[in-house]
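Here is the file target_8.cif (mmCIF, C-alpha atoms and all ligand atoms).
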```cif
data_entry
loop_
_atom_site.group_PDB
_atom_site.id
_atom_site.type_symbol
_atom_site.label_atom_id
_atom_site.label_comp_id
_atom_site.auth_asym_id
_atom_site.auth_seq_id
_atom_site.Cartn_x
_atom_site.Cartn_y
_atom_site.Cartn_z
ATOM 1 C CA MET A 1 138.286 42.333 90.691
ATOM 2 C CA ASP A 2 134.839 41.687 92.080
ATOM 3 C CA VAL A 3 134.198 38.114 90.907
ATOM 4 C CA LYS A 4 130.569 38.965 90.302
ATOM 5 C CA GLU A 5 131.486 41.253 87.416
ATOM 6 C CA THR A 6 131.178 39.796 83.932
ATOM 7 C CA VAL A 7 132.910 42.671 82.184
ATOM 8 C CA ARG A 8 135.088 45.420 83.615
ATOM 9 C CA LEU A 9 136.830 48.347 81.963
ATOM 10 C CA TRP A 10 139.554 50.239 83.802
ATOM 11 C CA SER A 11 140.560 53.694 82.556
ATOM 12 C CA VAL A 12 140.100 52.633 78.939
ATOM 13 C CA ARG A 13 141.444 55.080 76.355
ATOM 14 C CA ARG A 14 141.228 54.599 72.609
ATOM 15 C CA LEU A 15 143.001 57.205 70.563
ATOM 16 C CA TYR A 16 142.942 57.459 66.790
ATOM 17 C CA GLY A 17 145.084 59.507 64.450
ATOM 18 C CA THR A 18 148.571 60.933 64.473
ATOM 19 C CA ALA A 19 150.612 63.039 66.854
ATOM 20 C CA ASP A 20 149.334 66.132 64.969
ATOM 21 C CA ARG A 21 145.678 65.299 65.253
ATOM 22 C CA THR A 22 144.488 62.845 67.826
ATOM 23 C CA VAL A 23 140.851 61.818 68.282
ATOM 24 C CA ARG A 24 140.082 60.633 71.803
ATOM 25 C CA ALA A 25 137.314 58.194 70.905
ATOM 26 C CA LEU A 26 137.390 56.907 74.496
ATOM 27 C CA ASP A 27 139.009 59.030 77.128
ATOM 28 C CA GLY A 28 139.382 57.103 80.375
ATOM 29 C CA VAL A 29 136.261 54.978 80.781
ATOM 30 C CA THR A 30 135.874 52.851 83.903
ATOM 31 C CA ALA A 31 132.740 50.720 84.173
ATOM 32 C CA SER A 32 131.611 47.300 85.326
ATOM 33 C CA PHE A 33 128.798 45.057 84.159
ATOM 34 C CA HIS A 34 127.242 42.423 86.410
ATOM 35 C CA PRO A 35 125.558 39.113 85.535
ATOM 36 C CA GLY A 36 121.848 39.338 84.946
ATOM 37 C CA THR A 37 121.902 43.001 83.995
ATOM 38 C CA LEU A 38 120.967 44.800 80.796
ATOM 39 C CA THR A 39 122.954 47.984 80.246
ATOM 40 C CA ALA A 40 122.220 50.490 77.490
ATOM 41 C CA VAL A 41 125.012 52.743 76.261
ATOM 42 C CA MET A 42 123.845 56.056 74.838
ATOM 43 C CA GLY A 43 125.386 59.324 73.736
ATOM 44 C CA PRO A 44 125.433 61.792 70.863
ATOM 45 C CA SER A 45 126.857 60.766 67.493
ATOM 46 C CA GLY A 46 130.627 60.405 67.756
ATOM 47 C CA SER A 47 130.599 60.173 71.563
ATOM 48 C CA GLY A 48 132.384 56.794 71.530
ATOM 49 C CA LYS A 49 129.579 54.224 71.870
ATOM 50 C CA SER A 50 130.812 51.877 69.124
ATOM 51 C CA THR A 51 134.391 52.249 70.292
ATOM 52 C CA LEU A 52 133.318 51.316 73.818
ATOM 53 C CA LEU A 53 131.462 48.258 72.543
ATOM 54 C CA HIS A 54 134.395 47.189 70.358
ATOM 55 C CA CYS A 55 136.943 47.573 73.167
ATOM 56 C CA ALA A 56 134.705 45.882 75.756
ATOM 57 C CA ALA A 57 134.056 42.946 73.402
ATOM 58 C CA GLY A 58 137.680 42.396 72.386
ATOM 59 C CA LEU A 59 137.048 43.468 68.784
ATOM 60 C CA ASP A 60 139.493 46.344 69.244
ATOM 61 C CA ARG A 61 142.366 46.935 71.651
ATOM 62 C CA PRO A 62 142.443 50.012 73.871
ATOM 63 C CA THR A 63 145.386 52.383 73.533
ATOM 64 C CA GLU A 64 145.579 52.420 77.353
ATOM 65 C CA GLY A 65 143.688 50.757 80.182
ATOM 66 C CA LYS A 66 142.414 47.286 80.838
ATOM 67 C CA VAL A 67 139.402 45.183 79.838
ATOM 68 C CA VAL A 68 138.485 41.998 81.707
ATOM 69 C CA ILE A 69 135.803 39.567 80.500
ATOM 70 C CA ASP A 70 134.726 36.730 82.775
ATOM 71 C CA GLY A 71 138.007 36.948 84.718
ATOM 72 C CA THR A 72 140.292 37.119 81.669
ATOM 73 C CA ASP A 73 142.428 40.203 81.082
ATOM 74 C CA LEU A 74 142.184 40.760 77.312
ATOM 75 C CA GLY A 75 145.521 42.592 77.300
ATOM 76 C CA GLU A 76 147.252 39.324 78.172
ATOM 77 C CA LEU A 77 145.836 37.490 75.144
ATOM 78 C CA ASP A 78 147.483 37.268 71.736
ATOM 79 C CA GLU A 79 145.302 37.506 68.614
ATOM 80 C CA THR A 80 144.491 33.794 68.645
ATOM 81 C CA GLY A 81 143.560 33.918 72.311
ATOM 82 C CA LEU A 82 141.377 36.934 71.695
ATOM 83 C CA THR A 83 139.621 35.217 68.780
ATOM 84 C CA LEU A 84 138.951 32.139 70.922
ATOM 85 C CA LEU A 85 137.635 34.233 73.805
ATOM 86 C CA ARG A 86 135.302 36.133 71.469
ATOM 87 C CA ARG A 87 134.110 32.886 69.940
ATOM 88 C CA GLU A 88 133.443 31.113 73.212
ATOM 89 C CA ARG A 89 132.665 33.745 75.841
ATOM 90 C CA VAL A 90 131.108 36.602 73.871
ATOM 91 C CA GLY A 91 127.934 36.802 71.783
ATOM 92 C CA PHE A 92 127.146 39.504 69.239
ATOM 93 C CA VAL A 93 123.883 40.780 67.802
ATOM 94 C CA PHE A 94 124.013 43.490 65.151
ATOM 95 C CA GLN A 95 121.472 45.824 63.596
ATOM 96 C CA ALA A 96 121.786 44.057 60.231
ATOM 97 C CA PHE A 97 121.251 40.523 61.678
ATOM 98 C CA ASN A 98 124.315 39.220 59.724
ATOM 99 C CA LEU A 99 122.864 35.783 59.035
ATOM 100 C CA VAL A 100 124.372 33.598 56.306
ATOM 101 C CA SER A 101 121.809 33.697 53.498
ATOM 102 C CA ALA A 102 122.606 30.237 52.099
ATOM 103 C CA LEU A 103 122.082 28.516 55.453
ATOM 104 C CA THR A 104 118.823 27.620 57.183
ATOM 105 C CA ALA A 105 117.918 29.131 60.554
ATOM 106 C CA GLU A 106 119.079 25.943 62.259
ATOM 107 C CA GLN A 107 122.385 25.906 60.365
ATOM 108 C CA ASN A 108 122.952 29.592 61.171
ATOM 109 C CA VAL A 109 122.402 28.901 64.870
ATOM 110 C CA ALA A 110 124.800 25.922 64.788
ATOM 111 C CA LEU A 111 127.520 27.916 62.988
ATOM 112 C CA PRO A 112 129.411 29.107 66.105
ATOM 113 C CA LEU A 113 129.682 25.489 67.294
ATOM 114 C CA LYS A 114 130.980 24.461 63.873
ATOM 115 C CA LEU A 115 133.534 27.302 63.883
ATOM 116 C CA ALA A 116 134.647 26.228 67.356
ATOM 117 C CA GLY A 117 135.169 22.685 66.027
ATOM 118 C CA ARG A 118 132.560 21.281 68.375
ATOM 119 C CA PRO A 119 130.364 18.388 67.316
ATOM 120 C CA ILE A 120 127.144 19.725 65.857
ATOM 121 C CA ALA A 121 124.113 18.489 67.706
ATOM 122 C CA PRO A 122 121.061 19.495 65.638
ATOM 123 C CA ALA A 123 118.951 19.078 68.768
ATOM 124 C CA GLU A 124 120.999 21.815 70.447
ATOM 125 C CA ALA A 125 120.394 24.274 67.601
ATOM 126 C CA ARG A 126 116.709 23.372 67.509
ATOM 127 C CA ALA A 127 116.412 23.870 71.279
ATOM 128 C CA ALA A 128 118.053 27.298 70.924
ATOM 129 C CA LEU A 129 115.539 28.189 68.198
ATOM 130 C CA ALA A 130 112.685 26.934 70.363
ATOM 131 C CA GLU A 131 113.906 29.243 73.156
ATOM 132 C CA VAL A 132 113.354 32.227 70.857
ATOM 133 C CA GLY A 133 109.997 30.861 69.705
ATOM 134 C CA LEU A 134 111.148 29.742 66.255
ATOM 135 C CA ALA A 135 111.081 25.942 66.466
ATOM 136 C CA GLU A 136 108.746 25.863 63.467
ATOM 137 C CA ARG A 137 111.085 27.948 61.334
ATOM 138 C CA ALA A 138 114.256 25.833 61.715
ATOM 139 C CA GLY A 139 114.380 24.869 58.032
ATOM 140 C CA HIS A 140 113.795 28.368 56.620
ATOM 141 C CA ARG A 141 116.535 30.470 55.057
ATOM 142 C CA PRO A 142 116.825 34.139 56.175
ATOM 143 C CA SER A 143 115.043 35.344 53.020
ATOM 144 C CA GLY A 144 111.961 33.412 54.148
ATOM 145 C CA LEU A 145 111.901 35.038 57.591
ATOM 146 C CA SER A 146 110.647 38.430 58.759
ATOM 147 C CA GLY A 147 113.099 40.977 60.183
ATOM 148 C CA GLY A 148 112.049 40.163 63.746
ATOM 149 C CA GLU A 149 112.434 36.430 63.110
ATOM 150 C CA GLN A 150 115.889 36.996 61.606
ATOM 151 C CA GLN A 151 116.946 38.943 64.683
ATOM 152 C CA ARG A 152 115.623 36.172 66.927
ATOM 153 C CA VAL A 153 117.692 33.642 64.929
ATOM 154 C CA ALA A 154 120.684 35.959 65.412
ATOM 155 C CA ILE A 155 120.022 36.009 69.172
ATOM 156 C CA ALA A 156 119.760 32.201 69.280
ATOM 157 C CA ARG A 157 123.044 31.997 67.336
ATOM 158 C CA ALA A 158 124.730 34.452 69.705
ATOM 159 C CA LEU A 159 123.648 32.410 72.731
ATOM 160 C CA ILE A 160 124.420 28.893 71.469
ATOM 161 C CA THR A 161 127.895 28.950 73.054
ATOM 162 C CA ARG A 162 126.409 30.169 76.376
ATOM 163 C CA PRO A 163 128.511 33.357 76.331
ATOM 164 C CA ALA A 164 129.316 35.274 79.494
ATOM 165 C CA VAL A 165 128.152 38.461 77.816
ATOM 166 C CA LEU A 166 125.982 39.411 74.868
ATOM 167 C CA PHE A 167 126.822 42.648 73.034
ATOM 168 C CA ALA A 168 124.062 44.178 70.954
ATOM 169 C CA ASP A 169 124.672 47.050 68.538
ATOM 170 C CA GLU A 170 121.368 48.794 67.716
ATOM 171 C CA PRO A 171 119.574 45.411 67.823
ATOM 172 C CA THR A 172 116.218 46.909 66.855
ATOM 173 C CA GLY A 173 117.512 49.514 64.395
ATOM 174 C CA GLN A 174 115.889 47.771 61.416
ATOM 175 C CA LEU A 175 112.684 46.618 63.111
ATOM 176 C CA ASP A 176 109.240 48.173 63.393
ATOM 177 C CA THR A 177 107.869 49.189 66.783
ATOM 178 C CA LYS A 178 105.918 46.009 67.470
ATOM 179 C CA THR A 179 108.741 43.677 66.439
ATOM 180 C CA SER A 180 111.258 45.785 68.372
ATOM 181 C CA ARG A 181 109.195 45.304 71.506
ATOM 182 C CA GLN A 182 109.177 41.519 70.998
ATOM 183 C CA VAL A 183 112.954 41.377 70.509
ATOM 184 C CA LEU A 184 113.621 43.659 73.485
ATOM 185 C CA GLY A 185 111.197 41.632 75.611
ATOM 186 C CA MET A 186 113.188 38.540 74.670
ATOM 187 C CA LEU A 187 116.471 40.161 75.698
ATOM 188 C CA ARG A 188 114.838 41.250 78.957
ATOM 189 C CA ASP A 189 113.690 37.641 79.621
ATOM 190 C CA LEU A 190 117.201 36.319 79.006
ATOM 191 C CA VAL A 191 118.521 38.769 81.583
ATOM 192 C CA ASP A 192 115.798 38.104 84.148
ATOM 193 C CA ASN A 193 115.433 34.337 83.763
ATOM 194 C CA GLN A 194 118.915 33.190 82.733
ATOM 195 C CA ALA A 195 121.050 35.882 84.378
ATOM 196 C CA GLN A 196 122.480 36.754 80.959
ATOM 197 C CA THR A 197 124.655 39.885 80.909
ATOM 198 C CA VAL A 198 123.697 42.160 78.013
ATOM 199 C CA ILE A 199 125.404 45.380 76.902
ATOM 200 C CA MET A 200 123.509 47.235 74.206
ATOM 201 C CA VAL A 201 124.380 50.361 72.208
ATOM 202 C CA THR A 202 121.373 52.334 71.051
ATOM 203 C CA HIS A 203 120.240 55.762 69.910
ATOM 204 C CA ASP A 204 116.645 55.065 70.885
ATOM 205 C CA PRO A 205 115.336 56.093 74.347
ATOM 206 C CA VAL A 206 112.488 53.544 74.153
ATOM 207 C CA THR A 207 115.001 50.750 73.518
ATOM 208 C CA ALA A 208 117.152 52.050 76.383
ATOM 209 C CA SER A 209 114.112 51.991 78.696
ATOM 210 C CA TYR A 210 114.257 48.166 78.670
ATOM 211 C CA ALA A 211 117.630 48.371 80.425
ATOM 212 C CA ASP A 212 118.392 48.236 84.144
ATOM 213 C CA ARG A 213 121.000 50.910 83.691
ATOM 214 C CA VAL A 214 121.843 53.515 81.082
ATOM 215 C CA LEU A 215 125.385 54.842 80.633
ATOM 216 C CA PHE A 216 125.723 58.193 78.863
ATOM 217 C CA LEU A 217 128.848 59.030 76.907
ATOM 218 C CA ALA A 218 129.975 62.424 75.641
ATOM 219 C CA ASP A 219 133.322 63.107 73.993
ATOM 220 C CA GLY A 220 134.603 59.672 74.941
ATOM 221 C CA ARG A 221 133.823 60.045 78.641
ATOM 222 C CA LEU A 222 131.115 58.607 80.849
ATOM 223 C CA VAL A 223 129.169 61.670 81.900
ATOM 224 C CA ASP A 224 126.077 60.197 83.523
ATOM 225 C CA GLU A 225 124.430 56.964 84.576
ATOM 226 C CA PHE A 226 120.795 56.117 85.294
ATOM 227 C CA THR A 227 120.210 53.136 87.558
ATOM 228 C CA THR A 228 116.702 54.022 88.644
ATOM 229 C CA GLY A 229 113.872 55.749 86.845
ATOM 230 C CA VAL A 230 114.989 54.395 83.472
ATOM 231 C CA THR A 231 112.041 55.648 81.436
ATOM 232 C CA ALA A 232 112.073 56.579 77.762
ATOM 233 C CA GLU A 233 111.078 60.152 78.699
ATOM 234 C CA ALA A 234 113.908 60.571 81.225
ATOM 235 C CA VAL A 235 116.456 59.087 78.821
ATOM 236 C CA ALA A 236 115.220 61.267 75.938
ATOM 237 C CA ALA A 237 115.463 64.384 78.114
ATOM 238 C CA ARG A 238 119.058 63.579 79.142
ATOM 239 C CA MET A 239 119.998 62.848 75.533
ATOM 240 C CA ALA A 240 118.468 66.129 74.321
ATOM 241 C CA ASN A 241 120.589 67.926 76.868
ATOM 242 C CA LEU A 242 123.796 66.103 75.812
ATOM 243 C CA GLU A 243 123.047 66.695 72.131
ATOM 244 C CA ALA A 244 122.497 70.410 72.751
ATOM 245 C CA VAL A 245 125.888 70.608 74.488
ATOM 246 C CA ALA A 246 127.540 68.563 71.699
ATOM 247 C CA SER A 247 126.240 70.916 68.997
ATOM 248 C CA CYS A 248 127.557 74.071 70.740
HETATM 249 N N1 LIG A 301 138.927 54.074 62.839
HETATM 250 C C1 LIG A 301 138.821 55.349 63.222
HETATM 251 N N2 LIG A 301 139.739 56.255 62.842
HETATM 252 C C2 LIG A 301 139.659 57.546 63.244
HETATM 253 N N3 LIG A 301 138.684 58.028 64.040
HETATM 254 C C3 LIG A 301 137.746 57.162 64.449
HETATM 255 C C4 LIG A 301 137.756 55.793 64.071
HETATM 256 N N4 LIG A 301 136.678 55.175 64.642
HETATM 257 C C5 LIG A 301 136.031 56.133 65.331
HETATM 258 N N5 LIG A 301 136.669 57.301 65.222
HETATM 259 C C6 LIG A 301 136.262 58.562 65.850
HETATM 260 O O1 LIG A 301 136.114 58.324 67.249
HETATM 261 C C7 LIG A 301 134.986 59.037 67.760
HETATM 262 C C8 LIG A 301 134.009 58.054 68.387
HETATM 263 O O2 LIG A 301 133.458 57.251 67.350
HETATM 264 P P1 LIG A 301 132.347 56.127 67.620
HETATM 265 O O3 LIG A 301 132.038 55.511 66.306
HETATM 266 O O4 LIG A 301 132.799 55.253 68.724
HETATM 267 O O5 LIG A 301 131.131 57.027 68.118
HETATM 268 P P2 LIG A 301 129.573 56.625 68.241
HETATM 269 O O6 LIG A 301 129.098 57.272 69.505
HETATM 270 O O7 LIG A 301 129.418 55.154 68.112
HETATM 271 O O8 LIG A 301 128.958 57.369 66.992
HETATM 272 P P3 LIG A 301 127.587 57.078 66.169
HETATM 273 O O9 LIG A 301 126.461 57.271 67.162
HETATM 274 O O10 LIG A 301 127.578 58.153 65.125
HETATM 275 O O11 LIG A 301 127.676 55.689 65.615
HETATM 276 C C9 LIG A 301 134.416 59.836 66.584
HETATM 277 O O12 LIG A 301 134.979 61.129 66.610
HETATM 278 C C10 LIG A 301 134.918 59.064 65.379
HETATM 279 O O13 LIG A 301 135.045 59.922 64.256
#
```

Using structure tokens, write down the structure from this file.
Ligand SMILES: Nc1ncnc2c1ncn2[C@@H]1O[C@H](COP(=O)(O)OP(=O)(O)OP(=O)(O)O)[C@@H](O)[C@H]1O
Amino acid sequence: MDVKETVRLWSVRRLYGTADRTVRALDGVTASFHPGTLTAVMGPSGSGKSTLLHCAAGLDRPTEGKVVIDGTDLGELDETGLTLLRRERVGFVFQAFNLVSALTAEQNVALPLKLAGRPIAPAEARAALAEVGLAERAGHRPSGLSGGEQQRVAIARALITRPAVLFADEPTGQLDTKTSRQVLGMLRDLVDNQAQTVIMVTHDPVTASYADRVLFLADGRLVDEFTTGVTAEAVAARMANLEAVASC
């Protein structure tokens, strides 16, 4: 494997169902993701985006094929090994923020360190919050934060373990346009200034336009890739075409 790749998928298949009726959620996907790149994964509903994210992040195991994160072949890990890898090498940001409501922003950010049994250094959590511009909000619970602030806390939490890769599933799905732009700008900065690898599933062409590369899925297969000219208009046009084919 090219050592510069953070994540690589080789001929990944994920089948669901029985011998009578099999759904090919992923049907032979090969792709690599390099450090310091932001990749958007798009495709019509049911094209396999979530399945791709789950397999690439070690949340689900492919039926066939191989996934490597940061040099580790996930197929060689047992469940405990997979859990540890996810905890230490992978960060997640979800549409619904998924913060713990009883904990402050600072405690939420420190949670992955606590789960990993590492000593909690409040300064570390505060520094992570400062990086997302929320130093002043460290003592607030999620209910006292706006949606954009909650997502920024979630990003700080996802990055506290310095993961090799950050997976984002519709990270701006619950945010208004202005707040979405702030959160996407923050992800972009992480990629450009800290060489963070980010893989993001989205339905939104404007969100995808923040990426360096857009992968298009249809029926579980990679059918197109934009590496230049990643504009919202170009992405929307390609999606309209894929959706028209999907509805035939
Ligand atoms: N646990 C499951 N059992 C059976 N079929 C599944 C399961 N999970 C996903 N599928 C099927 O696999 C295909 C891909 O699903 P997936 O959720 O990955 O698509 P998606 O592109 O993320 O869709 P959406 O944009 O609607 O979220 C779909 O046909 C879906 O119905």

Point-to-point distance in Å for CA of Gly17 in chain A and CA of Glu243 in chain A: 24.4 Å

Per residue of chain A within 7 Å of ligand LIG 301 (chain A), note the shortest atom pair and the distance in Å to one decimal, counting only C-alpha atoms and all ligand atoms, and order the rows by chain and increasing residue number, as a Markdown table.
```
| residue | atom | partner | partner_atom | distance |
| --- | --- | --- | --- | --- |
| A:Tyr16 | CA | A:LIG301 | C2 | 4.8 |
| A:Gly17 | CA | A:LIG301 | C2 | 5.9 |
| A:Val23 | CA | A:LIG301 | O1 | 6.0 |
| A:Arg24 | CA | A:LIG301 | O1 | 6.5 |
| A:Ala25 | CA | A:LIG301 | O1 | 3.9 |
| A:Gly43 | CA | A:LIG301 | O6 | 6.0 |
| A:Pro44 | CA | A:LIG301 | O9 | 5.9 |
| A:Ser45 | CA | A:LIG301 | O9 | 3.5 |
| A:Gly46 | CA | A:LIG301 | O5 | 3.4 |
| A:Ser47 | CA | A:LIG301 | O6 | 3.9 |
| A:Gly48 | CA | A:LIG301 | O4 | 3.2 |
| A:Lys49 | CA | A:LIG301 | O7 | 3.9 |
| A:Ser50 | CA | A:LIG301 | O7 | 3.7 |
| A:Thr51 | CA | A:LIG301 | O4 | 3.7 |
| A:Leu52 | CA | A:LIG301 | O4 | 6.5 |
| A:His203 | CA | A:LIG301 | O9 | 7.0 |
| A:Gly220 | CA | A:LIG301 | C8 | 6.8 |
```

Pairwise distance for CA of Leu222 in chain A and CA of Thr207 in chain A, rounded to one decimal in Å: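 The value is 19.4 Å.
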
Within 10 Å of range 89-108 of chain A: each range 3-78 of chain A residue with its shortest pair, all atoms listed in the file, as JSON lines:
```
{"residue": "A:Ala57", "atom": "CA", "partner": "A:Val90", "partner_atom": "CA", "distance": 7.0}
{"residue": "A:Gly58", "atom": "CA", "partner": "A:Val90", "partner_atom": "CA", "distance": 8.9}
{"residue": "A:Ile69", "atom": "CA", "partner": "A:Arg89", "partner_atom": "CA", "distance": 8.1}
{"residue": "A:Asp70", "atom": "CA", "partner": "A:Arg89", "partner_atom": "CA", "distance": 7.8}
```

Option closest in space to Pro163 in chain A, from A:Arg86, A:Lys178, A:His54, A:His140 [counting all atoms listed in the file]: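 Of A:Arg86, A:Lys178, A:His54, A:His140, the one nearest Pro163 in chain A, counting all atoms listed in the file, is A:Arg86.
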
Selected residue of minimal separation from Gly229 in chain A among A:Ser209, A:Thr197, A:Asn241, A:Thr80, counting only C-alpha atoms: A:Ser209

Length of the CA of Gly36 in chain A to CA of Ala158 in chain A vector [Å]: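 Spanning CA of Gly36 in chain A to CA of Ala158 in chain A is a straight-line distance of 16.3 Å.
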
Protein/DNA/RNA residues near (123.3, 47.2, 82.6), cut 7 Å, all atoms listed in the file, as a ChimeraX atom specification: /A:33,37-40,198-199,211-214

Residue nearest Phe226 in chain A - candidates A:Leu26, A:Met42, A:Val67, A:Leu84, atoms counted: all atoms listed in the file: A:Met42

So that I can see what lies close to Pro35 in chain A, please list as a compact mmCIF listing (two decimals) with C-alpha atoms, in the frame of the given file the residues with an atom at most 9 Å from it, counting all atoms listed in the file and leaving out residues fewer than 6 positions away in the same chain.
```txt
# COMPACT_ATOMS: atom_id res chain seq x y z
CA LYS A 4 130.57 38.97 90.30
CA GLU A 5 131.49 41.25 87.42
CA THR A 6 131.18 39.80 83.93
CA VAL A 7 132.91 42.67 82.18
CA ALA A 164 129.32 35.27 79.49
CA VAL A 165 128.15 38.46 77.82
CA VAL A 191 118.52 38.77 81.58
CA ALA A 195 121.05 35.88 84.38
CA GLN A 196 122.48 36.75 80.96
CA THR A 197 124.66 39.88 80.91
CA VAL A 198 123.70 42.16 78.01
```

Test item: the PyMOL selection byres (((chain A and resi 121) around 12) and not hetatm) resolved as a VMD selection string: chain A and resid 106 to 107 109 to 114 117 to 120 122 to 128 160

Would you write out, as an mmCIF file with C-alpha atoms, in the frame of the given file, every residue that the PyMOL selection byres (((chain A and resi 28) around 8) and not hetatm) captures in this file?
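The file below, result-v1.cif, is the result:
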```
data_model
loop_
_atom_site.group_PDB
_atom_site.id
_atom_site.type_symbol
_atom_site.label_atom_id
_atom_site.label_comp_id
_atom_site.auth_asym_id
_atom_site.auth_seq_id
_atom_site.Cartn_x
_atom_site.Cartn_y
_atom_site.Cartn_z
ATOM 1 C CA TRP A 10 139.554 50.239 83.802
ATOM 2 C CA SER A 11 140.560 53.694 82.556
ATOM 3 C CA VAL A 12 140.100 52.633 78.939
ATOM 4 C CA ARG A 13 141.444 55.080 76.355
ATOM 5 C CA LEU A 26 137.390 56.907 74.496
ATOM 6 C CA ASP A 27 139.009 59.030 77.128
ATOM 7 C CA VAL A 29 136.261 54.978 80.781
ATOM 8 C CA THR A 30 135.874 52.851 83.903
ATOM 9 C CA GLY A 65 143.688 50.757 80.182
ATOM 10 C CA GLY A 220 134.603 59.672 74.941
ATOM 11 C CA ARG A 221 133.823 60.045 78.641
#
```

Residue list as a ChimeraX atom specification for point (142.9, 50.2, 72.4), cut-off 8 Å, all atoms listed in the file: /A:12-15,55,60-65

Contacts of Val183 in chain A within 10 Å, all atoms listed in the file, excl. fewer than 5 positions in-chain, as a PDB file with C-alpha atoms, in the coordinates of the input:
```pdb
ATOM      1  CA  VAL A 132     113.354  32.227  70.857  1.00  0.00           C
ATOM      2  CA  GLY A 148     112.049  40.163  63.746  1.00  0.00           C
ATOM      3  CA  GLU A 149     112.434  36.430  63.110  1.00  0.00           C
ATOM      4  CA  GLN A 151     116.946  38.943  64.683  1.00  0.00           C
ATOM      5  CA  ARG A 152     115.623  36.172  66.927  1.00  0.00           C
ATOM      6  CA  ILE A 155     120.022  36.009  69.172  1.00  0.00           C
ATOM      7  CA  PRO A 171     119.574  45.411  67.823  1.00  0.00           C
ATOM      8  CA  THR A 172     116.218  46.909  66.855  1.00  0.00           C
ATOM      9  CA  LEU A 175     112.684  46.618  63.111  1.00  0.00           C
ATOM     10  CA  LYS A 178     105.918  46.009  67.470  1.00  0.00           C
ATOM     11  CA  ARG A 188     114.838  41.250  78.957  1.00  0.00           C
ATOM     12  CA  ASP A 189     113.690  37.641  79.621  1.00  0.00           C
TER      13      ASP A 189
END
```

Write out as a compact mmCIF listing (two decimals) with C-alpha atoms, in the coordinates of the input each polymer residue whose atoms come within 9 Å of Thr83 in chain A, counting only C-alpha atoms; drop sequence neighbours fewer than 5 positions from it.
```txt
# COMPACT_ATOMS: atom_id res chain seq x y z
CA GLY A 58 137.68 42.40 72.39
CA LEU A 59 137.05 43.47 68.78
CA ASP A 78 147.48 37.27 71.74
CA GLU A 88 133.44 31.11 73.21
```

From A:Val235, A:Leu74, A:Leu9, A:Ala240, residue lying nearest Ser32 in chain A [all atoms listed in the file]: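 Closest residue, counting all atoms listed in the file: A:Leu9.
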
Which of A:Val68, A:Val153, A:Leu77, A:Ala218 sits closest to Gly139 in chain A [using only C-alpha atoms]: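 Using only C-alpha atoms, the shortest distance to Gly139 in chain A belongs to A:Val153.
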